[in-house]
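**Q** Enclosed is the structure file start.pdb (PDB, C-alpha atoms).
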MODEL        1
ATOM      1  CA  PHE A 268      93.618  95.569  55.779
ATOM      2  CA  GLY A 269      96.275  93.327  54.286
ATOM      3  CA  THR A 270      99.006  95.369  52.656
ATOM      4  CA  LEU A 271      97.131  98.678  52.815
ATOM      5  CA  THR A 272      99.354 101.759  53.111
ATOM      6  CA  GLY A 273      98.230 105.124  54.444
ATOM      7  CA  TYR A 274      99.687 108.458  53.402
ATOM      8  CA  ILE A 275      99.685 112.172  54.161
ATOM      9  CA  HIS A 276     100.177 114.791  51.438
ATOM     10  CA  LEU A 277     100.895 118.514  51.821
ATOM     11  CA  GLY A 278     100.257 120.798  48.859
ATOM     12  CA  ALA A 279      97.727 122.106  46.377
ATOM     13  CA  ALA A 280      94.942 119.774  45.275
ATOM     14  CA  ASP A 281      95.874 120.041  41.593
ATOM     15  CA  ALA A 282      99.661 119.666  41.921
ATOM     16  CA  PRO A 283     102.166 117.034  43.059
ATOM     17  CA  PRO A 284     102.698 116.935  46.850
ATOM     18  CA  LEU A 285     105.218 119.335  48.338
ATOM     19  CA  ALA A 286     105.733 116.921  51.230
ATOM     20  CA  GLN A 287     104.458 113.422  51.883
ATOM     21  CA  ILE A 288     104.857 110.329  54.016
ATOM     22  CA  ASP A 289     103.606 106.783  53.403
ATOM     23  CA  LEU A 290     103.322 104.169  56.183
ATOM     24  CA  PRO A 291     101.814 100.643  56.284
ATOM     25  CA  LEU A 292      98.561 100.377  58.236
ATOM     26  CA  GLN A 293      98.392  97.883  61.101
ATOM     27  CA  VAL A 294      95.192  96.779  62.846
ATOM     28  CA  ASN A 295      95.239  96.766  66.662
ATOM     29  CA  ALA A 296      93.537  94.227  68.951
ATOM     30  CA  ALA A 297      90.272  96.196  68.854
ATOM     31  CA  GLY A 298      90.164  95.953  65.075
ATOM     32  CA  SER A 299      90.808  99.657  64.496
ATOM     33  CA  VAL A 300      93.725 101.573  63.030
ATOM     34  CA  ARG A 301      95.531 104.471  64.630
ATOM     35  CA  ILE A 302      98.770 105.760  63.234
ATOM     36  CA  ARG A 303     100.995 108.764  63.856
ATOM     37  CA  TYR A 304     102.648 110.499  60.939
ATOM     38  CA  ASP A 305     105.717 112.682  61.385
ATOM     39  CA  LEU A 306     105.692 114.756  58.224
ATOM     40  CA  PHE A 307     108.970 116.476  57.363
ATOM     41  CA  ILE A 308     108.380 119.715  55.478
ATOM     42  CA  PRO A 309     111.303 120.409  53.118
ATOM     43  CA  PRO A 310     112.937 123.838  53.355
ATOM     44  CA  THR A 311     111.912 124.497  49.742
ATOM     45  CA  VAL A 312     108.168 124.500  50.509
ATOM     46  CA  PRO A 313     106.947 128.075  49.901
ATOM     47  CA  PRO A 314     105.773 129.847  53.070
ATOM     48  CA  GLY A 315     101.984 130.017  53.240
ATOM     49  CA  THR A 316      98.914 128.036  54.230
ATOM     50  CA  TRP A 317      98.767 124.619  52.574
ATOM     51  CA  PRO A 318      96.019 121.956  52.581
ATOM     52  CA  VAL A 319      96.746 118.528  54.049
ATOM     53  CA  PHE A 320      95.288 115.367  52.483
ATOM     54  CA  ALA A 321      95.014 111.809  53.776
ATOM     55  CA  GLY A 322      94.392 108.596  51.897
ATOM     56  CA  ALA A 323      95.310 104.946  51.551
ATOM     57  CA  TYR A 324      96.158 102.509  48.795
ATOM     58  CA  GLY A 325      96.731  98.812  48.305
ATOM     59  CA  PRO A 326      97.991  96.516  45.544
ATOM     60  CA  ASP A 327      94.845  97.233  43.519
ATOM     61  CA  GLY A 328      94.872 101.012  43.972
ATOM     62  CA  GLY A 329      93.116 103.271  46.450
ATOM     63  CA  ALA A 330      90.221 105.616  47.096
ATOM     64  CA  PRO A 331      90.460 109.382  46.388
ATOM     65  CA  ARG A 332      92.280 111.264  49.109
ATOM     66  CA  VAL A 333      90.399 113.664  51.392
ATOM     67  CA  GLN A 334      91.456 116.999  52.858
ATOM     68  CA  ILE A 335      91.800 116.833  56.643
ATOM     69  CA  GLY A 336      93.016 120.346  57.410
ATOM     70  CA  THR A 337      95.663 122.946  56.656
ATOM     71  CA  ILE A 338      99.192 123.684  57.862
ATOM     72  CA  ASP A 339     100.766 127.113  58.133
ATOM     73  CA  VAL A 340     104.301 126.848  56.791
ATOM     74  CA  GLY A 341     106.527 129.694  57.892
ATOM     75  CA  PRO A 342     109.866 130.848  56.517
ATOM     76  CA  ALA A 343     113.066 129.560  58.094
ATOM     77  CA  ALA A 344     114.999 131.203  60.883
ATOM     78  CA  TYR A 345     118.281 130.428  59.097
ATOM     79  CA  PRO A 346     119.284 130.005  55.439
ATOM     80  CA  LEU A 347     120.466 126.862  53.722
ATOM     81  CA  PRO A 348     124.186 126.938  52.892
ATOM     82  CA  THR A 349     125.160 127.851  49.353
ATOM     83  CA  GLN A 350     128.138 127.348  47.049
ATOM     84  CA  HIS A 351     127.571 130.777  45.449
ATOM     85  CA  PRO A 352     126.942 133.379  48.160
ATOM     86  CA  LEU A 353     125.952 136.890  47.129
ATOM     87  CA  HIS A 354     123.824 139.783  48.340
ATOM     88  CA  ILE A 355     121.489 141.365  45.797
ATOM     89  CA  ASP A 356     118.541 143.475  46.925
ATOM     90  CA  MET A 357     115.575 142.657  44.680
ATOM     91  CA  GLY A 358     112.865 144.668  46.380
ATOM     92  CA  ALA A 359     110.660 142.352  48.442
ATOM     93  CA  ALA A 360     113.547 139.936  49.037
ATOM     94  CA  THR A 361     117.325 139.756  48.945
ATOM     95  CA  LEU A 362     118.978 136.988  46.939
ATOM     96  CA  ARG A 363     121.645 135.500  49.221
ATOM     97  CA  GLY A 364     122.897 132.727  46.957
ATOM     98  CA  TRP A 365     122.095 130.180  44.265
ATOM     99  CA  ASP A 366     122.931 126.558  43.460
ATOM    100  CA  TYR A 367     122.416 124.225  40.514
ATOM    101  CA  ASP A 368     121.897 120.480  40.876
ATOM    102  CA  THR A 369     122.563 118.394  37.770
ATOM    103  CA  SER A 370     122.666 115.019  39.539
ATOM    104  CA  GLN A 371     119.418 114.118  37.739
ATOM    105  CA  PRO A 372     119.956 115.251  34.122
ATOM    106  CA  GLU A 373     116.304 114.727  33.230
ATOM    107  CA  ALA A 374     115.256 117.089  36.026
ATOM    108  CA  ALA A 375     118.050 119.543  36.836
ATOM    109  CA  ARG A 376     117.161 122.014  39.554
ATOM    110  CA  LEU A 377     117.936 125.586  40.444
ATOM    111  CA  TYR A 378     117.894 126.615  44.104
ATOM    112  CA  LEU A 379     117.587 130.298  45.001
ATOM    113  CA  HIS A 380     118.260 131.346  48.585
ATOM    114  CA  TRP A 381     116.185 134.322  49.748
ATOM    115  CA  GLN A 382     116.027 136.628  52.733
ATOM    116  CA  ILE A 383     112.454 137.846  52.842
ATOM    117  CA  ASP A 384     110.936 141.279  53.469
ATOM    118  CA  ASP A 385     107.412 140.690  52.146
ATOM    119  CA  GLY A 386     105.303 138.315  50.098
ATOM    120  CA  PHE A 387     106.571 137.963  46.531
ATOM    121  CA  THR A 388     106.705 135.745  43.456
ATOM    122  CA  VAL A 389     110.001 134.560  42.002
ATOM    123  CA  ARG A 390     109.953 133.940  38.278
ATOM    124  CA  VAL A 391     112.675 132.090  36.319
ATOM    125  CA  ALA A 392     112.828 132.562  32.543
ATOM    126  CA  ASP A 393     115.243 131.708  29.739
ATOM    127  CA  SER A 394     116.988 134.180  27.433
ATOM    128  CA  GLY A 395     113.914 134.234  25.161
ATOM    129  CA  ASP A 396     111.675 135.340  28.071
ATOM    130  CA  GLN A 397     110.014 131.931  28.185
ATOM    131  CA  VAL A 398     108.920 131.403  31.797
ATOM    132  CA  ILE A 399     110.313 128.130  33.165
ATOM    133  CA  SER A 400     109.147 128.221  36.764
ATOM    134  CA  THR A 401     107.373 130.413  39.309
ATOM    135  CA  GLN A 402     107.084 130.152  43.097
ATOM    136  CA  THR A 403     105.191 132.426  45.476
ATOM    137  CA  ALA A 404     105.948 132.993  49.158
ATOM    138  CA  TYR A 405     103.596 134.421  51.779
ATOM    139  CA  PRO A 406     106.097 134.798  54.629
ATOM    140  CA  HIS A 407     103.764 136.327  57.208
ATOM    141  CA  THR A 408     101.733 133.124  57.437
ATOM    142  CA  GLY A 409     102.803 130.597  60.037
ATOM    143  CA  ARG A 410     105.844 130.539  62.293
ATOM    144  CA  PRO A 411     109.401 129.588  61.430
ATOM    145  CA  GLU A 412     110.680 126.822  63.670
ATOM    146  CA  THR A 413     113.635 127.713  65.874
ATOM    147  CA  ASP A 414     115.023 126.325  69.106
ATOM    148  CA  SER A 415     118.070 128.571  68.969
ATOM    149  CA  GLY A 416     117.004 130.915  71.742
ATOM    150  CA  ARG A 417     116.864 133.887  69.380
ATOM    151  CA  PRO A 418     114.339 136.512  70.510
ATOM    152  CA  GLU A 419     110.986 136.520  68.752
ATOM    153  CA  THR A 420     108.607 139.296  67.805
ATOM    154  CA  ASP A 421     104.997 139.446  69.040
ATOM    155  CA  SER A 422     103.917 137.546  65.918
ATOM    156  CA  GLY A 423     106.083 134.559  66.892
ATOM    157  CA  ARG A 424     108.634 135.178  64.117
ATOM    158  CA  PRO A 425     112.315 135.520  65.004
ATOM    159  CA  GLU A 426     113.635 139.061  64.990
ATOM    160  CA  GLY A 427     115.271 139.937  61.707
ATOM    161  CA  ARG A 428     114.378 138.870  58.200
ATOM    162  CA  PRO A 429     113.544 135.168  57.695
ATOM    163  CA  TYR A 430     114.740 132.903  54.896
ATOM    164  CA  TRP A 431     113.380 130.631  52.206
ATOM    165  CA  THR A 432     114.968 128.561  49.414
ATOM    166  CA  SER A 433     112.908 128.309  46.241
ATOM    167  CA  ALA A 434     113.360 125.212  44.057
ATOM    168  CA  HIS A 435     112.885 125.310  40.278
ATOM    169  CA  VAL A 436     112.933 122.264  38.000
ATOM    170  CA  LEU A 437     114.648 123.082  34.704
ATOM    171  CA  PRO A 438     113.925 121.634  31.261
ATOM    172  CA  PRO A 439     116.403 119.085  29.874
ATOM    173  CA  ASN A 440     119.168 120.257  27.539
ATOM    174  CA  LEU A 441     118.921 123.848  28.732
ATOM    175  CA  VAL A 442     121.794 125.904  27.275
ATOM    176  CA  ASP A 443     120.624 129.475  27.917
ATOM    177  CA  ASP A 444     121.449 131.843  30.712
ATOM    178  CA  LEU A 445     118.575 132.255  33.140
ATOM    179  CA  ARG A 446     116.853 135.425  34.255
ATOM    180  CA  VAL A 447     115.473 135.634  37.783
ATOM    181  CA  GLU A 448     112.758 138.183  38.576
ATOM    182  CA  VAL A 449     111.023 139.144  41.797
ATOM    183  CA  ILE A 450     107.401 140.190  41.339
ATOM    184  CA  HIS A 451     105.914 142.350  44.102
ATOM    185  CA  ASN A 452     102.536 144.101  43.938
ATOM    186  CA  ASP A 453     102.222 142.962  40.295
ATOM    187  CA  GLU A 454     105.421 144.737  39.287
ATOM    188  CA  VAL A 455     108.995 143.580  38.654
ATOM    189  CA  ALA A 456     110.829 144.675  41.795
ATOM    190  CA  GLY A 457     114.201 143.203  40.828
ATOM    191  CA  SER A 458     115.903 141.198  38.103
ATOM    192  CA  MET A 459     119.249 139.508  37.476
ATOM    193  CA  ARG A 460     120.845 136.919  35.202
ATOM    194  CA  LEU A 461     122.479 133.679  36.327
ATOM    195  CA  PRO A 462     125.294 131.852  34.525
ATOM    196  CA  THR A 463     124.553 129.096  32.049
ATOM    197  CA  LEU A 464     123.612 125.792  33.661
ATOM    198  CA  PRO A 465     126.789 123.761  34.295
ATOM    199  CA  HIS A 466     126.789 120.013  33.726
ATOM    200  CA  ASP A 467     128.803 118.970  36.759
ATOM    201  CA  GLU A 468     127.372 120.919  39.694
ATOM    202  CA  ARG A 469     125.538 119.084  42.448
ATOM    203  CA  TYR A 470     123.398 120.217  45.353
ATOM    204  CA  VAL A 471     121.229 117.497  46.924
ATOM    205  CA  ILE A 472     119.502 118.575  50.133
ATOM    206  CA  PHE A 473     119.300 115.950  52.894
ATOM    207  CA  GLY A 474     116.768 117.010  55.531
ATOM    208  CA  ASP A 475     117.961 120.066  57.426
ATOM    209  CA  LEU A 476     121.443 118.593  57.905
ATOM    210  CA  ALA A 477     123.409 119.403  54.753
ATOM    211  CA  ALA A 478     123.587 119.524  50.997
ATOM    212  CA  LEU A 479     125.628 116.898  49.189
ATOM    213  CA  VAL A 480     127.646 118.975  46.717
ATOM    214  CA  GLY A 481     129.911 116.346  45.214
ATOM    215  CA  TRP A 482     130.615 112.639  45.041
ATOM    216  CA  ASP A 483     132.903 110.267  43.202
ATOM    217  CA  LEU A 484     132.531 106.486  42.961
ATOM    218  CA  GLU A 485     135.749 104.819  41.804
ATOM    219  CA  ALA A 486     136.245 101.184  40.802
ATOM    220  CA  ARG A 487     139.724 100.266  42.006
ATOM    221  CA  ALA A 488     142.221  97.766  40.612
ATOM    222  CA  ASP A 489     141.883  95.464  43.642
ATOM    223  CA  GLY A 490     138.151  94.990  42.974
ATOM    224  CA  THR A 491     136.944  97.349  45.691
ATOM    225  CA  TYR A 492     134.974 100.568  45.292
ATOM    226  CA  ARG A 493     135.949 103.890  46.821
ATOM    227  CA  LEU A 494     133.176 106.444  47.464
ATOM    228  CA  THR A 495     134.040 110.052  48.242
ATOM    229  CA  LEU A 496     131.253 112.372  49.440
ATOM    230  CA  ASP A 497     131.506 116.158  49.857
ATOM    231  CA  TRP A 498     128.997 117.793  52.218
ATOM    232  CA  LEU A 499     128.069 121.438  52.807
ATOM    233  CA  ALA A 500     126.695 121.578  56.332
ATOM    234  CA  ALA A 501     123.551 123.467  57.337
ATOM    235  CA  GLY A 502     124.242 122.919  61.037
ATOM    236  CA  ALA A 503     124.522 120.279  63.725
ATOM    237  CA  SER A 504     122.106 117.372  64.179
ATOM    238  CA  HIS A 505     120.518 116.443  67.522
ATOM    239  CA  SER A 506     121.724 112.836  67.199
ATOM    240  CA  GLU A 507     124.279 111.139  64.989
ATOM    241  CA  ILE A 508     123.298 110.698  61.339
ATOM    242  CA  ALA A 509     124.406 107.507  59.602
ATOM    243  CA  MET A 510     124.500 106.360  56.001
ATOM    244  CA  SER A 511     122.628 103.476  54.410
ATOM    245  CA  PHE A 512     123.520 101.824  51.114
ATOM    246  CA  GLY A 513     120.770  99.190  51.169
ATOM    247  CA  ALA A 514     120.143  95.965  53.076
ATOM    248  CA  ALA A 515     122.877  94.109  51.196
ATOM    249  CA  PHE A 516     125.553  96.260  52.858
ATOM    250  CA  GLY A 517     124.377  95.625  56.447
ATOM    251  CA  ASP A 518     125.306  98.102  59.181
ATOM    252  CA  THR A 519     126.832 101.323  57.915
ATOM    253  CA  PRO A 520     129.058 103.806  59.735
ATOM    254  CA  PRO A 521     128.420 107.463  60.547
ATOM    255  CA  ILE A 522     129.009 109.886  57.695
ATOM    256  CA  THR A 523     132.508 110.577  58.991
ATOM    257  CA  ASP A 524     134.511 109.521  62.026
ATOM    258  CA  ALA A 525     136.455 112.791  62.060
ATOM    259  CA  ILE A 526     133.608 115.213  62.834
ATOM    260  CA  PRO A 527     130.304 113.741  64.062
ATOM    261  CA  THR A 528     127.191 115.375  62.619
ATOM    262  CA  THR A 529     126.288 116.583  66.124
ATOM    263  CA  LYS A 530     129.259 118.963  65.812
ATOM    264  CA  TRP A 531     128.807 120.149  62.231
ATOM    265  CA  ALA A 532     128.723 123.929  61.796
ATOM    266  CA  TYR A 533     126.881 126.022  59.235
ATOM    267  CA  GLY A 534     128.729 126.470  55.961
ATOM    268  CA  HIS A 535     131.542 124.028  56.756
ATOM    269  CA  ARG A 536     132.625 121.514  54.125
ATOM    270  CA  ILE A 537     133.072 117.914  55.238
ATOM    271  CA  ARG A 538     134.488 115.052  53.158
ATOM    272  CA  SER A 539     133.778 111.399  53.894
ATOM    273  CA  VAL A 540     135.472 108.432  52.227
ATOM    274  CA  GLN A 541     134.207 104.835  52.313
ATOM    275  CA  THR A 542     135.555 101.618  50.747
ATOM    276  CA  PHE A 543     133.219  98.783  49.675
ATOM    277  CA  GLN A 544     133.777  95.198  48.524
ATOM    278  CA  SER A 545     130.876  95.525  46.052
ATOM    279  CA  GLN A 546     129.444  98.494  44.194
ATOM    280  CA  PRO A 547     126.981 100.646  46.172
ATOM    281  CA  THR A 548     124.055 101.810  44.046
ATOM    282  CA  ASP A 549     122.161 104.243  46.261
ATOM    283  CA  LEU A 550     122.691 106.453  49.308
ATOM    284  CA  SER A 551     120.288 107.333  52.131
ATOM    285  CA  LEU A 552     120.800 109.031  55.485
ATOM    286  CA  TYR A 553     119.001 108.120  58.688
ATOM    287  CA  ASP A 554     118.888 109.196  62.319
ATOM    288  CA  SER A 555     120.813 106.566  64.286
ATOM    289  CA  PHE A 556     118.633 107.201  67.376
ATOM    290  CA  THR A 557     115.128 107.182  65.856
ATOM    291  CA  GLY A 558     115.882 105.111  62.741
ATOM    292  CA  ARG A 559     114.025 107.611  60.570
ATOM    293  CA  PHE A 560     115.360 108.387  57.120
ATOM    294  CA  LEU A 561     116.149 111.967  56.174
ATOM    295  CA  TYR A 562     114.266 113.565  53.320
ATOM    296  CA  ALA A 563     116.388 113.826  50.172
ATOM    297  CA  ALA A 564     115.658 116.283  47.360
ATOM    298  CA  VAL A 565     115.639 113.577  44.685
ATOM    299  CA  SER A 566     113.004 111.483  42.953
ATOM    300  CA  GLY A 567     111.315 109.355  45.612
ATOM    301  CA  GLY A 568     112.491 111.576  48.447
ATOM    302  CA  ILE A 569     114.802 109.069  50.167
ATOM    303  CA  SER A 570     117.648 107.545  48.112
ATOM    304  CA  LEU A 571     120.205 109.135  45.822
ATOM    305  CA  ILE A 572     121.234 106.844  42.973
ATOM    306  CA  LEU A 573     125.011 106.469  42.684
ATOM    307  CA  SER A 574     126.819 105.603  39.463
ATOM    308  CA  LEU A 575     130.399 105.228  38.290
TER     309      LEU A 575
ENDMDL
END
Would you write the structure of this file as C-alpha cells?

**A**
Amino acid sequence: FGTLTGYIHLGAADAPPLAQIDLPLQVNAAGSVRIRYDLFIPPTVPPGTWPVFAGAYGPDGGAPRVQIGTIDVGPAAYPLPTQHPLHIDMGAATLRGWDYDTSQPEAARLYLHWQIDDGFTVRVADSGDQVISTQTAYPHTGRPETDSGRPETDSGRPEGRPYWTSAHVLPPNLVDDLRVEVIHNDEVAGSMRLPTLPHDERYVIFGDLAALVGWDLEARADGTYRLTLDWLAAGASHSEIAMSFGAAFGDTPPITDAIPTTKWAYGHRIRSVQTFQSQPTDLSLYDSFTGRFLYAAVSGGISLILSL
C-alpha cells in the first residue's frame, strides 16, 4: 500500500465534511488492513442523522469515497461557554450566548449557543436581508453523550432542554450588523440583531475542553518570545492536556502549572504564559495519556497559526 492513507468523513455527500479523520494504512502479516478510527464529532455539528463515508488516497490521488453507514448525532447535555451570555426566547430555541472569532480574517466565524425545544433552522443575514448562512437542527435524533450521572428520559436524552452551538462562516470585510432568525414550521419564530463584527475577538474551540479567547505573542528585547494564552473552560478533562508547538520545540508542558486541565470548571477563565528561545508558529493541544490531538475549529482541524 505504500503511503496510502485512509479516511472517514461525516456529513452530506455534496458538502465539505463536518468531521473527519485521516490515518496511514499499514498492512499486517496476513497482507490485510484493519484500522480503527476514533472520530471526534465537533460540538458545532447540527443534531440529526448524518451519512458516514470511507475512502483512501495516495500521492497520486484516490478512488471515490463510499458511504458505509450513518451516525445519529444528538444535541449536547451541556452548553459551550460563551463570552456574551444572554437569554432570549426565540420560539423553538433559546439563544444563550454568541461569540465571534476573527482569528482567521478570510473566514471569520459566528458561534450561536442554543438551548433547544424542537427542530429548527437558524438563519443569519446582513442588514440588507442577504442570507449569509443557515443551519438546521433535528434534536430528537440520536442521543447526547453524558457521563455526568444526570437522569435521562425514556428516549435516552438527559432531562431538561439540550444544547447545540451553530457555527456560521462570515464573508470577508463584513461591516454590517447581523440579523439572526429562528425558522420553525416554515415561519419566523424569533429574530434579533447582533453587534457589528469586531476585528479583535477570538473564540477557537479545542475539542470539548475550552475555547481559546485571546493570545499575545511578544518578541522581547532579550531575543526570547513570550506567549500569553487566555482560555474559557468548558469543563475538566479526563487526563492532562498538553500543548505542542511542533517537533522543533521538543517536549512541551501542560497548558498551565497552576490549575491542571483535570480540575478546570465550566466558564472559568485560565491564563497560561510560556517563554520560548525561538518564535513558535503554531499551537496544538493533545491528550498526554493517549497522545491524540484535540480537534481545533480552524483550517485543517489541528493547529492554530500564531503570529506576532

**Q** Using all atoms listed in the file, which protein or nucleic acid residues come within 7 Å of region 444-449 of chain A? Drop anything in the same chain fewer than 6 positions from it, and give the result as a JSON list (two decimals) with C-alpha atoms, keeping the file's coordinate frame.

**A**
[["chain", "number", "residue", "atom", "x", "y", "z"],
["A", 357, "MET", "CA", 115.58, 142.66, 44.68],
["A", 387, "PHE", "CA", 106.57, 137.96, 46.53],
["A", 388, "THR", "CA", 106.70, 135.74, 43.46],
["A", 389, "VAL", "CA", 110.00, 134.56, 42.00],
["A", 390, "ARG", "CA", 109.95, 133.94, 38.28],
["A", 391, "VAL", "CA", 112.68, 132.09, 36.32],
["A", 392, "ALA", "CA", 112.83, 132.56, 32.54],
["A", 393, "ASP", "CA", 115.24, 131.71, 29.74],
["A", 394, "SER", "CA", 116.99, 134.18, 27.43],
["A", 455, "VAL", "CA", 109.00, 143.58, 38.65],
["A", 456, "ALA", "CA", 110.83, 144.68, 41.80],
["A", 457, "GLY", "CA", 114.20, 143.20, 40.83],
["A", 458, "SER", "CA", 115.90, 141.20, 38.10],
["A", 459, "MET", "CA", 119.25, 139.51, 37.48],
["A", 460, "ARG", "CA", 120.84, 136.92, 35.20],
["A", 461, "LEU", "CA", 122.48, 133.68, 36.33],
["A", 462, "PRO", "CA", 125.29, 131.85, 34.52],
["A", 463, "THR", "CA", 124.55, 129.10, 32.05]]

**Q** Select, from A:Gly273, A:Gly329, A:Ala486, A:Leu476, the residue with the minimum atom-to-atom distance to Trp498 (chain A), counting only C-alpha atoms.

**A** A:Leu476

**Q** Rounded to one decimal place, report the CA of Leu561 (chain A)-CA of Leu437 (chain A) distance in Å.

**A** 24.2 Å

**Q** Name the closest residue to Asp467 (chain A) among the candidates A:Tyr533, A:Gln546, A:Leu499, A:Asp368; distances are taken between atoms, counting only C-alpha atoms.

**A**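 Among the listed residues, A:Asp368 lies closest to Asp467 (chain A).
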
**Q** I want to know what sits within 8 Å of Thr361 (chain A), based on all atoms listed in the file, with residues of the same chain fewer than 3 positions away left out; could you give that as a PyMOL selection string?

**A** chain A and resi 354-358+381-384

**Q** Quick one: pull the distance between CA of Pro331 (chain A) and CA of Val300 (chain A), Å, one decimal.

**A**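 Between CA of Pro331 (chain A) and CA of Val300 (chain A) the gap works out to 18.7 Å.
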
**Q** If I take CA of Arg428 (chain A) and CA of Pro313 (chain A), how far is one from the other in Å, to one decimal?

**A**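 Atom-to-atom, CA of Arg428 (chain A) and CA of Pro313 (chain A) are spaced 15.5 Å apart.
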
**Q** Using all atoms listed in the file for the distances, tell me which of A:Thr495, A:Tyr378, A:His276, A:Lys530 is nearest to Gly481 (chain A).

**A**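 Among the listed residues, the smallest separation from Gly481 (chain A) belongs to A:Thr495.
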
**Q** Expand the PyMOL selection byres ((chain A and resi 535) around 12) into the individual residues it matches in the shown file, reporting them as number ranges by chain.

**A** A: 347-350, 476-480, 497-503, 526, 528, 530-534, 536-538
